[in-house]
Amino acid sequence: MRAIVITENGGPEVLVPAERPDPEPGPGEVLIDVAAAGVNFIDVYYRTGAYAHDLPYTPGIEAAGTVAAVGDGVGEFSVGDRVASSDVKGGYAAKALVAADRLVPVPDAVGLEDAAASMLQGMTAHYLTRSTYPIKEGDTVLVHAAAGGMGLLLTQAAKALGARVIGTASTPEKEKLAKDAGADVTMGYDGFADRVRELTGGEGVAAVYDGVGAPTFEGSLASLRLRGTLALYGAAGGKVPPFDPQRLNPAGSLFLTRPMLAHHVVTRDELLERATDVLRWVETGDVRIRVGHRYDLAEAGAAHADLEARRTTGKLLLIP
């Protein structure tokens, strides 16, 4: 089968196309024919070595496709079923393995590319807006990188709960995309904290959803209202330097959290609840999935380079 293999950590050039034997599902595993694989910043963290991973390996944790084979003890899925997961083993390939208890069924009305594009980021938007800081009707929140795949979903999820959304983006074109997704106000990054204060009458926002990290961290804290929450769910722009938690006290008894999806889908029931909600959003049109670009599997390096250089909007997919 076609696959991308990483033999050393480094830049996008280490994403090398190769031919590999088809995997075989073990007990409790499912083999899927991959229709599309999501490209995510966590893949970049693994590629660079920021997150540890044994070498060599095939990257990619998010994919959708059809069941090709099942291992012993798997009773929930059958060959031909349409499925998706954000916990795939080697999704940058024509075929990939998934533990059956990490796999979810895809409704017939949802395309497999949309399913692949919505699993990781959709469930992240779900837990951020419903668990990390549960948005209440009338809350004002700040969403960074609002035109990215994650930002567009966060904006729509927040609006569905009745929030006023302020979004940041790096260009006027990206600001327009964020507005089209429902953002009430958009702006660039320069001086955003002061503008947020102005827009909220000096009060600040209830929550900041920040996947950028170091470049926005200080401004995000300065944008919060009394007892506001900074959900630092990623570090696409770099890691936040060491931080004294005492600063949260005089700033207004603020809350700072560094959440991750894995801790919000621990049980199968929780996984199915979040995934079912997200796929229902897609099916009903409550959330519109924007695929910014589709790349052939062999172009995985170009996809990573574009993602890291902020040349993209919406979700990036690899098509085997």
# chains A, B, ... in the order shown; residues from 1 in each chain; ligands from 1

$ residues_around --residues "A:Gly38" --least-positions-apart "6" --cutoff "8 Å" --atoms "only C-alpha atoms" --output "ChimeraX atom specification"
/A:60-63,116-117,315-318

$ residues_around --residues "stretch 15-27 of chain A" --least-positions-apart "2" --cutoff "10 Å" --atoms "only C-alpha atoms" --output "count of residues only"
44

$ closest_residue --among "A:Val14, A:Ala303, A:Leu232, A:Ala37" --to "A:Gly49" --atoms "only C-alpha atoms"
A:Val14

$ residues_around --residues "stretch 155-167 of chain A" --least-positions-apart "4" --cutoff "8 Å" --atoms "only C-alpha atoms" --output "PyMOL selection string"
chain A and resi 125-126+129+135-146+151+175+178+181-187+196+286-287

$ atom_distance --atom1 "atom CA of A:Asp180" --atom2 "atom CA of A:Leu153"
11.8 Å

$ residues_around --residues "A:Leu248" --least-positions-apart "2" --cutoff "12 Å" --atoms "only C-alpha atoms" --output "PDB file with N, CA and C atoms, in the first residue's frame"
ATOM      1  N   GLU A 218      -0.075  36.566  25.997  1.00  0.00           N
ATOM      2  CA  GLU A 218      -0.200  37.738  26.866  1.00  0.00           C
ATOM      3  C   GLU A 218      -1.467  38.521  26.550  1.00  0.00           C
ATOM      4  N   LEU A 221      -4.611  36.724  27.897  1.00  0.00           N
ATOM      5  CA  LEU A 221      -4.839  36.978  29.321  1.00  0.00           C
ATOM      6  C   LEU A 221      -5.423  38.371  29.531  1.00  0.00           C
ATOM      7  N   ALA A 222      -4.894  39.347  28.807  1.00  0.00           N
ATOM      8  CA  ALA A 222      -5.345  40.734  28.970  1.00  0.00           C
ATOM      9  C   ALA A 222      -6.744  40.960  28.418  1.00  0.00           C
ATOM     10  N   LEU A 224      -9.353  38.923  29.068  1.00  0.00           N
ATOM     11  CA  LEU A 224     -10.350  38.220  29.876  1.00  0.00           C
ATOM     12  C   LEU A 224     -11.034  39.113  30.904  1.00  0.00           C
ATOM     13  N   ARG A 225     -12.281  38.808  31.150  1.00  0.00           N
ATOM     14  CA  ARG A 225     -13.034  39.484  32.206  1.00  0.00           C
ATOM     15  C   ARG A 225     -12.680  38.857  33.549  1.00  0.00           C
ATOM     16  N   LEU A 226     -13.237  39.397  34.614  1.00  0.00           N
ATOM     17  CA  LEU A 226     -13.079  38.831  35.941  1.00  0.00           C
ATOM     18  C   LEU A 226     -13.500  37.358  35.926  1.00  0.00           C
ATOM     19  N   ARG A 227     -12.648  36.506  36.440  1.00  0.00           N
ATOM     20  CA  ARG A 227     -12.856  35.052  36.508  1.00  0.00           C
ATOM     21  C   ARG A 227     -13.050  34.438  35.116  1.00  0.00           C
ATOM     22  N   GLY A 228     -12.443  35.054  34.112  1.00  0.00           N
ATOM     23  CA  GLY A 228     -12.512  34.509  32.759  1.00  0.00           C
ATOM     24  C   GLY A 228     -11.594  33.315  32.583  1.00  0.00           C
ATOM     25  N   THR A 229     -11.799  32.582  31.489  1.00  0.00           N
ATOM     26  CA  THR A 229     -11.067  31.345  31.222  1.00  0.00           C
ATOM     27  C   THR A 229     -10.255  31.456  29.940  1.00  0.00           C
ATOM     28  N   LEU A 230      -8.954  31.153  30.053  1.00  0.00           N
ATOM     29  CA  LEU A 230      -8.106  31.027  28.879  1.00  0.00           C
ATOM     30  C   LEU A 230      -7.896  29.546  28.608  1.00  0.00           C
ATOM     31  N   PHE A 243       5.602  30.294  33.195  1.00  0.00           N
ATOM     32  CA  PHE A 243       4.578  31.258  33.602  1.00  0.00           C
ATOM     33  C   PHE A 243       4.325  31.150  35.103  1.00  0.00           C
ATOM     34  N   ASP A 244       4.304  32.290  35.801  1.00  0.00           N
ATOM     35  CA  ASP A 244       4.023  32.320  37.244  1.00  0.00           C
ATOM     36  C   ASP A 244       2.512  32.352  37.458  1.00  0.00           C
ATOM     37  N   PRO A 245       1.915  31.309  38.024  1.00  0.00           N
ATOM     38  CA  PRO A 245       0.460  31.292  38.201  1.00  0.00           C
ATOM     39  C   PRO A 245      -0.061  32.397  39.114  1.00  0.00           C
ATOM     40  N   GLN A 246       0.813  33.013  39.924  1.00  0.00           N
ATOM     41  CA  GLN A 246       0.369  34.103  40.774  1.00  0.00           C
ATOM     42  C   GLN A 246      -0.189  35.266  39.953  1.00  0.00           C
ATOM     43  N   PRO A 250      -4.058  38.810  40.560  1.00  0.00           N
ATOM     44  CA  PRO A 250      -4.378  40.233  40.376  1.00  0.00           C
ATOM     45  C   PRO A 250      -5.055  40.545  39.042  1.00  0.00           C
ATOM     46  N   ALA A 251      -4.904  39.647  38.075  1.00  0.00           N
ATOM     47  CA  ALA A 251      -5.535  39.873  36.776  1.00  0.00           C
ATOM     48  C   ALA A 251      -7.031  39.622  36.811  1.00  0.00           C
ATOM     49  N   GLY A 252      -7.532  39.085  37.938  1.00  0.00           N
ATOM     50  CA  GLY A 252      -8.977  38.887  38.061  1.00  0.00           C
ATOM     51  C   GLY A 252      -9.386  37.468  38.409  1.00  0.00           C
ATOM     52  N   SER A 253      -8.523  36.761  39.169  1.00  0.00           N
ATOM     53  CA  SER A 253      -8.813  35.357  39.514  1.00  0.00           C
ATOM     54  C   SER A 253      -9.128  34.553  38.251  1.00  0.00           C
ATOM     55  N   LEU A 254      -8.226  34.664  37.302  1.00  0.00           N
ATOM     56  CA  LEU A 254      -8.439  34.036  36.008  1.00  0.00           C
ATOM     57  C   LEU A 254      -8.201  32.528  36.066  1.00  0.00           C
ATOM     58  N   PHE A 255      -8.775  31.825  35.096  1.00  0.00           N
ATOM     59  CA  PHE A 255      -8.563  30.392  34.946  1.00  0.00           C
ATOM     60  C   PHE A 255      -7.729  30.157  33.683  1.00  0.00           C
ATOM     61  N   LEU A 256      -6.695  29.338  33.815  1.00  0.00           N
ATOM     62  CA  LEU A 256      -5.862  28.946  32.685  1.00  0.00           C
ATOM     63  C   LEU A 256      -5.825  27.434  32.619  1.00  0.00           C
ATOM     64  N   THR A 257      -6.138  26.886  31.444  1.00  0.00           N
ATOM     65  CA  THR A 257      -6.113  25.436  31.279  1.00  0.00           C
ATOM     66  C   THR A 257      -5.456  25.083  29.955  1.00  0.00           C
TER      67      THR A 257
END

$ closest_residue --among "A:Arg310, A:Arg82, A:Arg258, A:Lys176" --to "A:Thr66" --atoms "only C-alpha atoms"
A:Arg82

$ closest_residue --among "A:Ala193, A:Arg290, A:Thr276, A:Thr168" --to "A:Gly314" --atoms "only C-alpha atoms"
A:Arg290

$ atom_distance --atom1 "atom CA of A:Phe192" --atom2 "atom CA of A:Asp43"
28.8 Å

$ atom_distance --atom1 "atom CA of A:Ala84" --atom2 "atom CA of A:Ser118"
9.5 Å

$ closest_residue --among "A:Val265, A:Thr171, A:Ala214, A:Ala52" --to "A:Pro242" --atoms "only C-alpha atoms"
A:Ala214

$ select_by_dssp --residues "stretch 26-254 of chain A" --states "helix (DSSP H, G or I)" --output "JSON, numbers by chain"
{"A": [41, 42, 43, 44, 45, 46, 47, 48, 100, 101, 102, 112, 113, 114, 115, 116, 117, 118, 119, 120, 121, 122, 123, 124, 125, 126, 127, 128, 129, 130, 131, 132, 149, 150, 151, 152, 153, 154, 155, 156, 157, 158, 159, 160, 172, 173, 174, 175, 176, 177, 178, 179, 180, 192, 193, 194, 195, 196, 197, 198, 199, 217, 218, 219, 220, 221, 222, 245, 246, 247, 248]}

$ select_by_dssp --residues "stretch 101-319 of chain A" --states "strand (DSSP E or B)" --output "number ranges by chain"
A: 104-105, 140-143, 148, 164-168, 185-187, 205-210, 224-232, 255-257, 291-296, 314-319

$ write_last_selection --atoms "N, CA and C atoms" --output "compact mmCIF listing (two decimals), in the first residue's frame"
# COMPACT_ATOMS: atom_id res chain seq x y z
N VAL A 104 -15.96 5.32 15.14
CA VAL A 104 -17.37 5.71 15.20
C VAL A 104 -18.00 5.53 13.83
N PRO A 105 -19.29 5.16 13.79
CA PRO A 105 -19.98 5.03 12.51
C PRO A 105 -20.29 6.40 11.91
N THR A 140 -19.64 36.71 25.61
CA THR A 140 -18.75 37.12 24.54
C THR A 140 -17.46 36.34 24.68
N VAL A 141 -17.00 35.73 23.58
CA VAL A 141 -15.78 34.93 23.60
C VAL A 141 -14.87 35.36 22.47
N LEU A 142 -13.58 35.08 22.64
CA LEU A 142 -12.58 35.40 21.64
C LEU A 142 -12.02 34.11 21.06
N VAL A 143 -12.04 34.00 19.74
CA VAL A 143 -11.52 32.83 19.05
C VAL A 143 -10.33 33.28 18.20
N GLY A 148 -9.02 29.39 10.45
CA GLY A 148 -8.44 28.06 10.29
C GLY A 148 -9.51 26.99 10.46
N ARG A 164 -21.61 35.78 21.53
CA ARG A 164 -21.08 36.81 20.64
C ARG A 164 -19.62 36.46 20.42
N VAL A 165 -19.19 36.30 19.18
CA VAL A 165 -17.85 35.82 18.87
C VAL A 165 -17.01 36.93 18.26
N ILE A 166 -15.86 37.16 18.88
CA ILE A 166 -14.83 38.03 18.32
C ILE A 166 -13.73 37.11 17.78
N GLY A 167 -13.35 37.29 16.53
CA GLY A 167 -12.36 36.43 15.93
C GLY A 167 -11.15 37.19 15.44
N THR A 168 -9.96 36.58 15.61
CA THR A 168 -8.75 37.16 15.05
C THR A 168 -8.33 36.37 13.82
N VAL A 185 -17.51 40.04 15.12
CA VAL A 185 -16.48 41.04 14.89
C VAL A 185 -15.18 40.31 14.58
N THR A 186 -14.41 40.81 13.63
CA THR A 186 -13.10 40.23 13.35
C THR A 186 -12.05 41.33 13.37
N MET A 187 -10.80 40.91 13.56
CA MET A 187 -9.70 41.87 13.63
C MET A 187 -8.39 41.15 13.41
N VAL A 205 -13.68 39.44 27.82
CA VAL A 205 -14.49 38.32 27.37
C VAL A 205 -14.56 37.21 28.42
N ALA A 206 -15.60 36.39 28.31
CA ALA A 206 -15.77 35.28 29.24
C ALA A 206 -14.71 34.21 29.03
N ALA A 207 -14.31 33.99 27.79
CA ALA A 207 -13.34 32.94 27.48
C ALA A 207 -12.55 33.31 26.24
N VAL A 208 -11.31 32.89 26.22
CA VAL A 208 -10.48 32.97 25.02
C VAL A 208 -10.11 31.54 24.63
N TYR A 209 -10.37 31.19 23.39
CA TYR A 209 -9.99 29.89 22.85
C TYR A 209 -8.75 30.12 21.98
N ASP A 210 -7.60 29.70 22.50
CA ASP A 210 -6.31 30.07 21.92
C ASP A 210 -5.53 28.82 21.53
N LEU A 224 -9.35 38.92 29.07
CA LEU A 224 -10.35 38.22 29.88
C LEU A 224 -11.03 39.11 30.90
N ARG A 225 -12.28 38.81 31.15
CA ARG A 225 -13.03 39.48 32.21
C ARG A 225 -12.68 38.86 33.55
N LEU A 226 -13.24 39.40 34.61
CA LEU A 226 -13.08 38.83 35.94
C LEU A 226 -13.50 37.36 35.93
N ARG A 227 -12.65 36.51 36.44
CA ARG A 227 -12.86 35.05 36.51
C ARG A 227 -13.05 34.44 35.12
N GLY A 228 -12.44 35.05 34.11
CA GLY A 228 -12.51 34.51 32.76
C GLY A 228 -11.59 33.31 32.58
N THR A 229 -11.80 32.58 31.49
CA THR A 229 -11.07 31.35 31.22
C THR A 229 -10.25 31.46 29.94
N LEU A 230 -8.95 31.15 30.05
CA LEU A 230 -8.11 31.03 28.88
C LEU A 230 -7.90 29.55 28.61
N ALA A 231 -8.49 29.07 27.52
CA ALA A 231 -8.33 27.67 27.09
C ALA A 231 -7.22 27.64 26.05
N LEU A 232 -6.03 27.28 26.48
CA LEU A 232 -4.86 27.22 25.62
C LEU A 232 -4.78 25.81 25.05
N PHE A 255 -8.78 31.83 35.10
CA PHE A 255 -8.56 30.39 34.95
C PHE A 255 -7.73 30.16 33.68
N LEU A 256 -6.70 29.34 33.82
CA LEU A 256 -5.86 28.95 32.68
C LEU A 256 -5.83 27.43 32.62
N THR A 257 -6.14 26.89 31.44
CA THR A 257 -6.11 25.44 31.28
C THR A 257 -5.46 25.08 29.95
N VAL A 291 -13.30 22.52 3.63
CA VAL A 291 -12.03 21.89 3.28
C VAL A 291 -11.23 22.89 2.46
N GLY A 292 -10.15 23.38 3.05
CA GLY A 292 -9.37 24.41 2.38
C GLY A 292 -8.56 23.89 1.22
N HIS A 293 -8.06 22.66 1.34
CA HIS A 293 -7.25 22.09 0.26
C HIS A 293 -7.17 20.59 0.42
N ARG A 294 -7.16 19.90 -0.71
CA ARG A 294 -6.96 18.46 -0.75
C ARG A 294 -5.63 18.18 -1.42
N TYR A 295 -4.81 17.33 -0.80
CA TYR A 295 -3.51 16.98 -1.33
C TYR A 295 -3.46 15.48 -1.62
N ASP A 296 -2.76 15.11 -2.67
CA ASP A 296 -2.45 13.70 -2.86
C ASP A 296 -1.57 13.25 -1.70
N GLY A 314 -9.40 26.80 6.61
CA GLY A 314 -10.19 25.59 6.68
C GLY A 314 -9.33 24.36 6.94
N LYS A 315 -9.89 23.21 6.64
CA LYS A 315 -9.25 21.92 6.92
C LYS A 315 -8.43 21.44 5.74
N LEU A 316 -7.29 20.81 6.02
CA LEU A 316 -6.47 20.19 5.00
C LEU A 316 -6.64 18.68 5.04
N LEU A 317 -6.79 18.07 3.86
CA LEU A 317 -6.98 16.62 3.78
C LEU A 317 -5.93 16.01 2.85
N LEU A 318 -5.50 14.81 3.19
CA LEU A 318 -4.71 13.99 2.30
C LEU A 318 -5.61 12.91 1.71
N ILE A 319 -5.52 12.73 0.40
CA ILE A 319 -6.35 11.73 -0.30
C ILE A 319 -5.42 10.64 -0.83
